[in-house]
Structures are given as C-alpha cells and as structure tokens.
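Student: Sharing a structure here in structure tokens format.
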Amino acid sequence: MARYVIGRVLQFVLTAALASVVVFVLMQVLPGNAAQVALGTSATPEAVAALEAEYGLDRPRIVQYLSWIGGVLTGDFGTSYVTKAPISPVIFNSIQVTLIVVLASMALALAVAVPLGTAAAVLHNRPTGVIISGASQIGIAIPNFLAAIILVMVFSLGLGWFPSSGWQAPIEGFGGFLERLVLPVTALALVQAAILTRYVRSAVLEVMREDFLRTARAKGLPAGRALVRHGLRNAAIPVVTVAGVQLATLLIGAVVIEQVFVLPGMGTELVRAVSNRDLVTVQGIVMVLVVLVLLLNLIVDLLYSVLDPRVRRAA
Amino acid sequence: MTTRRSLDPTLDPTGSAELAGETVEPGAPGAIDPGAVDAAAKPRRRRLNASLVIGLILVGLVVVMALVSYVWTPYNPTEAMPEDRLQGASAAHWFGTDRYGRDTFTWIMFGSRITLLVGIVSVAIAMLIGVPLGIIAGMTNSGLLSGTIMRGNDLLLAFPALLLAIVFSAVYGPGTGPAMVALGIASIPGFARVARSGTLQVMSTEYVMAARAANRGTFAIATTHVLPNIAGMVIVQASVAFALAVLAEAGLSFLGLGTQAPAPSWGRMLQESQQFLGTRPELALWPGLFIAIAVLGFNLLGDGLRDRLDPKLRGRD
C-alpha cells in the first residue's frame with residue numbers, strides 16, 4: 001500500500017512539473033512576446049524593451065521559467081504586465097469562490113444521483129426506471145450554461161426567488177451568501193447529476209448480477225437489505241472514479257457558469273485575463289487549474305485503492 | 001477467454017461481429033459471459049435499436065440543416081431589418097428575430113455549419129493522431145515507446161478541452177480555427193486509450209500469433225488485423241468526442257472566445273440573448289435547444305453503435 005501511494009504521488013509531481021513546462025511554453029510561442037502583446041502592436045520598440053527589462057523578459061527562457069515556477073511553488077505568481085498588480089491575491093480570492101461552487105455542486109449532484117440511479121437500476125424494467133434513464137440522457141446533452149440561463153429565467157426573472165447574479169462572502173452575511181449560491185450550484189449540479197445517475201445505474205445493475213448478491217438473497221436477506229449491505233459498497237467503486245473525474249469537469253464548467261452569474265471566481269478572472277491579453281495571469285490561473293485537475297485524479301486513485309483491495313495488490 | 005471466434009475480418013466480411021465478447025479488459029471479472037456465447041450461436045437478430053435510431057434522426061436533422069443552408073435560408077444572415085427587431089415567432093420569422101432584426105431561424109441554420117465543422121475537424125485531428133499512437137502503444141506493450149506515449153497521454157489529460165481552448169484563444173487570438181485545433185488535441189487521449197486497449201486484445205489472439213509466425217511485418221499486422229478490429233470502437237469514440245467538441249465549442253463561443261462575429265454560432269447567440277432573457281426568452285431557448293439536439297444526437301449515436309457492435313452489452317444500458 002505504501003509503495004503504491006508513494007509511486008502514485010511521485011507520478012503526480014512529475015506530471016505537474018511537465019504540465020508547468022507545457023503551460024510556460026504555450027505562452028512563449030506567441031508571435032512577438034508578452035510585453036508586445038500587453039502593450040499592443042502600436043507600442044514603440046523602446047517601450048517594449050523597457051517593459052521587457054522591467055519584468056526580466058530579456059533573460060534567457062530557461063531562467064524565466066525557473067524564476068516563474070520557483071515563485072509559483074512559494075505562492076508568488078508574479079506581477080501582471082497589464083494591471084501592474086501582483087497576481088497571487090487574485091488567484092487566492094477567486095479560487096475560494098470557485099471551490100465553494102464546485103464542491104457544493106458535486107455534493108448536490110451526488111445527493112440526487114445516488115438515490116435516482118439506484119432506483120433506475122432496481123426498477124430498470126419498469127416505467128419509472130426507464131423515465132429516469134431517459135431524463136438523465138437528455139440532462140447530459142444540456143450545456144450547464146443553458147441550464148443556468150433557464151434557471152435565471154424561471155427562478156430569478158419569473159418567480160423572483162433568487163438574485164440573478166452576484167456574490168457575497170459568507171462572513172458578510174450567510175443568508176445572502178446562500179441565496180446567491182443556489183442558482184449557480186443548481187445549474188452545475190443538474191447536468192452533473194444526470195451524468196452520475198447513469199453511472200450509478202449501470203454500477204448498481206452490474207452489482208445486481210453478481211453471484212454474491214444472489215447468495216445473500218438465497219440466505220434470506222430481503223432484496224433491499226442485500227443491496228445496501230453487499231451491493232452498494234461494490235457499486236461505489238466505479239462511481240467514486242467517475243465522480244472524481246467529473247469534479248475536474250465541474251471545475252472547468254464553473255468557468256462558464258461564473259460568467260453567467262457574474263461570480264468573482266477563477267473562470268471570471270481567466271476570461272478577463274484572456275480578453276486583456278494578460279498572459280502572465282492566464283499562465284498562473286491555468287497552472288492552478290491544471291494542478292487541481294491532477295490533484296483530483298490523484299485523490300481518486302488513492303480512494304480507489306482504499307475501496308478496492310485488488311488495485312493495491314496489483315500495484 | 002472462450003469466445004474468440006471469427007476475429008479475423010477476412011473471415012467475417014460484415015466486419016461487425018468480430019468485437020463480440022472482446023471488449024472486456026483482459027482478466028476482468030466476467031470475461032466469460034454466457035450471454036455472449038448465446039448471441040454468437042444464434043443468427044443475429046436485427047432488433048430495433050432505439051438509441052441508434054433516435055441518434056441518427058437528431059444528427060441527421062443537424063446535418064440536413066447545414067447542407068440546406070448552402071442552397072436556401074429564409075433570409076440573408078447578415079440582413080438586419082431594424083423595423084422587425086426582437087419579434088416573436090411569426091409566419092415571416094419562424095423563430096422570431098434578434099436585436100438587430102436578423103432572422104433567428106436563418107442563424108440557427110447557419111450555426112449548424114460551425115457546429116459540424118468544429119466537430120469534424122477536431123475529431124479528425126484527434127483520431128489521426130490518437131489512433132496510430134494507441135496502436136503503437138498497444139503493439140509495443142510495456143516498452144519504452146509505449147510508456148512514453150501513455151505518459152504523454154496522462155499529461156494531456158491534465159488539460160481539459162475547454163481549458164486548452166481558452167489557452168489557445170489567449171495565445172493565438174479567439175476564433176474557430178484555434179478552437180478546433182485545441183479541442184482536437186484535447187480529444188487525443190480518449191482515442192489513444194481506446195485504440196491501445198483494443199490493440200492489446202487483438203495482439204493476444206491466435207490469428208495474430210499465426211501472422212507473426214508466418215513472418216508478417218509489424219506494419220502489415222497493424223493494418224490488416226489491428227485496425228479493422230478496433231475500427232468499431234474508434235467510431236464509437238468518435239461519436240462521443242464529437243458530442244464533447246460541440247459542447248466545448250458552444251461554451252467557448254458563449255464566453256466570447258470561440259467563433260467571432262459576424263459568423264453565426266449557437267454559443268454566441270446564447271451569450272447575446274442574455275440581455276433579453278426577461279423580454280425575449282426564445283432568443284436563448286432556440287440556440288440552446290439546438291446545442292442540446294446536436295449533443296444528444298451524437299451521444300445516442302455513440303451509445304447505439306456501441307450496443308450494435310458489442311452484443312454483450314445489449315439490453316443492459
């Protein structure tokens with residue numbers, strides 16, 4: 001087990017390091033350079049040279065990379081050429097908003113998907129099961145930003161129950177915080193719940209065909225108790241994997257949702273930085289998102305080995 | 001592994017049944033499935049496959065709209081009729097008009113072109129790079145080359161499609177071109193994985209061992225045995241990747257970083273509709289509906305094809 005964990009963590013570190021090189025190189029392939037991009041095409045060569053010297057862009061690329069990644073590792077993402085402000089506070093503030101939205105969405109999605117998916121599996125030959133399956137198939141096809149727009153139409157503009165946009169930190173008032181969280185979280189969770197419902201359904205269906213479940217029934221356990229005691233833990237294995245991978249999807253989905261609801265999260269900052277051609281900020285935010293994705297995959301793999309002893313032995 | 005029958009495509013000219021019982025990971029529990037044997041023994045019944053049929057209809061609708069838009073649309077897409085601004089549905093404007101008085105139905109028709117173009121190009125890029133890499137990784141299993149390819153795959157997986165597309169738009173400027181390339185690159189790992197696991201299965205079959213014993217070259221084995229046998233799985237993956245590309249492009253255009261004005265795109269129509277949610281909600285609902293139709297269509301098509309190609313899964317999902 002220890003060997004497996006150490007190996008998997010090493011793999012995470014290595015992939016993250018390679019990813020940082022990819023992110024850095026991607027930003028360097030620009031025609032011109034970051035200083036030119038920040039100042040626009042009309043800037044004089046002197047102005048560009050001055051900016052380059054100011055931010056150390058005249059140093060060799062490898063030195064620039066090492067100084068950037070060294071900063072990132074100590075929590076310093078550098079200074080934006082466009083806003084002239086340090087980037088770290090921007091990332092630190094926005095990541096909280098994004099993580100709150102993403103984690104709340106996943107919790108809501110699981111709370112909906114696990115019972116629905118189980119019901120769809122148990123009732124797979126009855127109309128209820130078929131309706132749940134069909135609805136989840138349609139739910140997958142709805143982009144989360146469309147779900148967001150429809151929710152705004154109905155619950156904000158139509159019924160006036162929730163504000164259509166904005167953000168309030170929990171310390172400024174918990175009621176206002178929750179009120180503004182409901183629609184974005186629901187929009188993200190709806191589509192996610194549809195995807196997870198399908199996985200829960202097929203995982204439970206798979207488990208229901210297992211011999212050990214038949215044995216449990218044969219020994220006199222009622223179907224429901226047999227499923228809860230023997231089935232669900234086994235069904236949880238593929239679901240945990242998918243939920244982890246879907247957290248990464250949610251993270252990227254949040255980028256779009258934040259735009260709809262004007263939330264000050266990583267997505268809003270990323271899109272603003274892209275529009276301002278603020279490449280250093282883009283680089284920092286993308287790096288954080290990529291590391292989060294990798295970290296989620298790491299956590300899933302480790303959880304997986306806890307749930308399924310076969311993985312540990314194979315490693 | 002009891003169900004290896006006519007895996008060689010030369011023995012199975014229909015090329016569809018060879019995957020029967022073969023999509024199980026080697027050593028996975030349930031590799032011996034009585035259902036698969038039954039299905040193989042009986043002549044195949046052409047049962048109505050609902051996913052496949054509905055998927056084909058929805059995809060067909062989008063394709064027909066795109067094709068028809070080349071010969072006929074109700075209006076010129078750039079033709080603004082200020083006196084007809086923000087109208088509801090009518091005989092003159094089936095889906096109403098936008099804030100410049102442009103016909104929404106015309107825009108939906110034109111938008112289907114971008115949707116299909118992005119899907120086709122990005123899937124083609126991903127397939128042309130991912131499938132050969134996956135086959136190489138599968139044929140050189142556990143070698144250095146295979147390890148390098150699969151680690152590269154893991155690295156790419158760290159960049160979700162939409163994120164990579166946003167990065168590309170930051171570097172190369174927003175547009176349909178960079179979006180297609182970024183989405184294509186982001187879809188490579190899916191194809192490489194499918195091709196690799198398919199190749200691993202084919203490589204352990206007796207006819208490949210026979211071909212090796214007969215001294216057939218690696219390239220010949222790859223093209224005559226591996227490729228035809230994994231083609232079905234690759235097509236299923238293509239359908240799924242297409243749906244994801246459509247979603248990602250819509251999201252990107254919604255952010256204003258994808259297809260740029262004045263080209264009509266569903267994602268951007270949705271973005272522009274946000275100002276009028278209270279007054280003209282249909283401006284959001286129409287492009288939203290068609291994005292959902294395209295995604296649902298390709299997802300169902302993928303499900304249906306998987307079902308058809310793999311009888312083991314039939315009736316399960």
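In the structure tokens, the first chain shown is A, the next is B, and so on; residue numbers restart at 1 for each chain, and ligands run from 1 in the order shown.
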Just need the residues of chain B within 8 Å of chain A, counting only C-alpha atoms, so spit them out as a ChimeraX atom specification.
Tutor: /B:154-155,158-160,162-163,166-167,169-172,247,251,254-255,270,274,277-278,281,284,288,291-293,295-296,299,316-317
Student: Of the residues B:Ser187, B:Ser112, B:Thr73, B:Ser146, which is the one nearest to B:Gly267, using only C-alpha atoms?
Tutor: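 Nearest candidate to B:Gly267 out of B:Ser187, B:Ser112, B:Thr73, B:Ser146: B:Ser112.
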Student: Could you write out, as a PyMOL selection string, all the residues of stretch 123-219 of chain A that DSSP marks as helix (DSSP H, G or I)?
Tutor: chain A and resi 127-141+144-158+170-172+174-208+211-218
Student: Would you kindly return, as a PyMOL selection string, each protein, DNA or RNA residue with an atom no farther than 6 Å from any atom of A:Ser80, considering only C-alpha atoms and excluding same-chain residues fewer than 4 positions away?
Tutor: chain A and resi 84-85+280
Student: Excluding same-chain residues fewer than 3 positions from stretch 206-210 of chain B, what lies within 8 Å of it counting only C-alpha atoms, as a list in words?
Tutor: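 Once the adjacent positions are removed, what remains is Asp8, Val202, Met203, Ala213, Ala214, Ile221 and His225 of chain B.
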Student: Selected residues, N, CA and C atoms, written as a PDB file, in the first residue's frame, please.
Tutor:
```pdb
ATOM      1  N   ASP B   8     -10.836 -12.623 -37.149  1.00  0.00           N
ATOM      2  CA  ASP B   8     -10.149 -12.106 -38.331  1.00  0.00           C
ATOM      3  C   ASP B   8     -11.167 -11.555 -39.323  1.00  0.00           C
ATOM      4  N   VAL B 202      -6.421  -7.537 -29.519  1.00  0.00           N
ATOM      5  CA  VAL B 202      -6.177  -8.168 -30.815  1.00  0.00           C
ATOM      6  C   VAL B 202      -4.821  -8.862 -30.820  1.00  0.00           C
ATOM      7  N   MET B 203      -3.823  -8.231 -30.178  1.00  0.00           N
ATOM      8  CA  MET B 203      -2.471  -8.782 -30.223  1.00  0.00           C
ATOM      9  C   MET B 203      -2.364 -10.121 -29.504  1.00  0.00           C
ATOM     10  N   ALA B 213       4.018 -15.730 -36.696  1.00  0.00           N
ATOM     11  CA  ALA B 213       4.774 -16.939 -37.007  1.00  0.00           C
ATOM     12  C   ALA B 213       5.057 -17.020 -38.500  1.00  0.00           C
ATOM     13  N   ALA B 214       4.101 -16.499 -39.311  1.00  0.00           N
ATOM     14  CA  ALA B 214       4.289 -16.524 -40.757  1.00  0.00           C
ATOM     15  C   ALA B 214       5.178 -15.364 -41.218  1.00  0.00           C
ATOM     16  N   ILE B 221       0.610  -6.313 -39.929  1.00  0.00           N
ATOM     17  CA  ILE B 221      -0.289  -6.788 -38.874  1.00  0.00           C
ATOM     18  C   ILE B 221      -1.163  -5.632 -38.385  1.00  0.00           C
ATOM     19  N   HIS B 225      -4.851  -6.582 -39.418  1.00  0.00           N
ATOM     20  CA  HIS B 225      -5.528  -7.232 -38.302  1.00  0.00           C
ATOM     21  C   HIS B 225      -6.011  -6.250 -37.243  1.00  0.00           C
TER      22      HIS B 225
END
```
Student: For atom CA of B:Glu249 and atom CA of B:Ile185, quote the distance in Å rounded to one decimal.
Tutor: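 Computed distance, atom CA of B:Glu249 to atom CA of B:Ile185, equals 13.6 Å.
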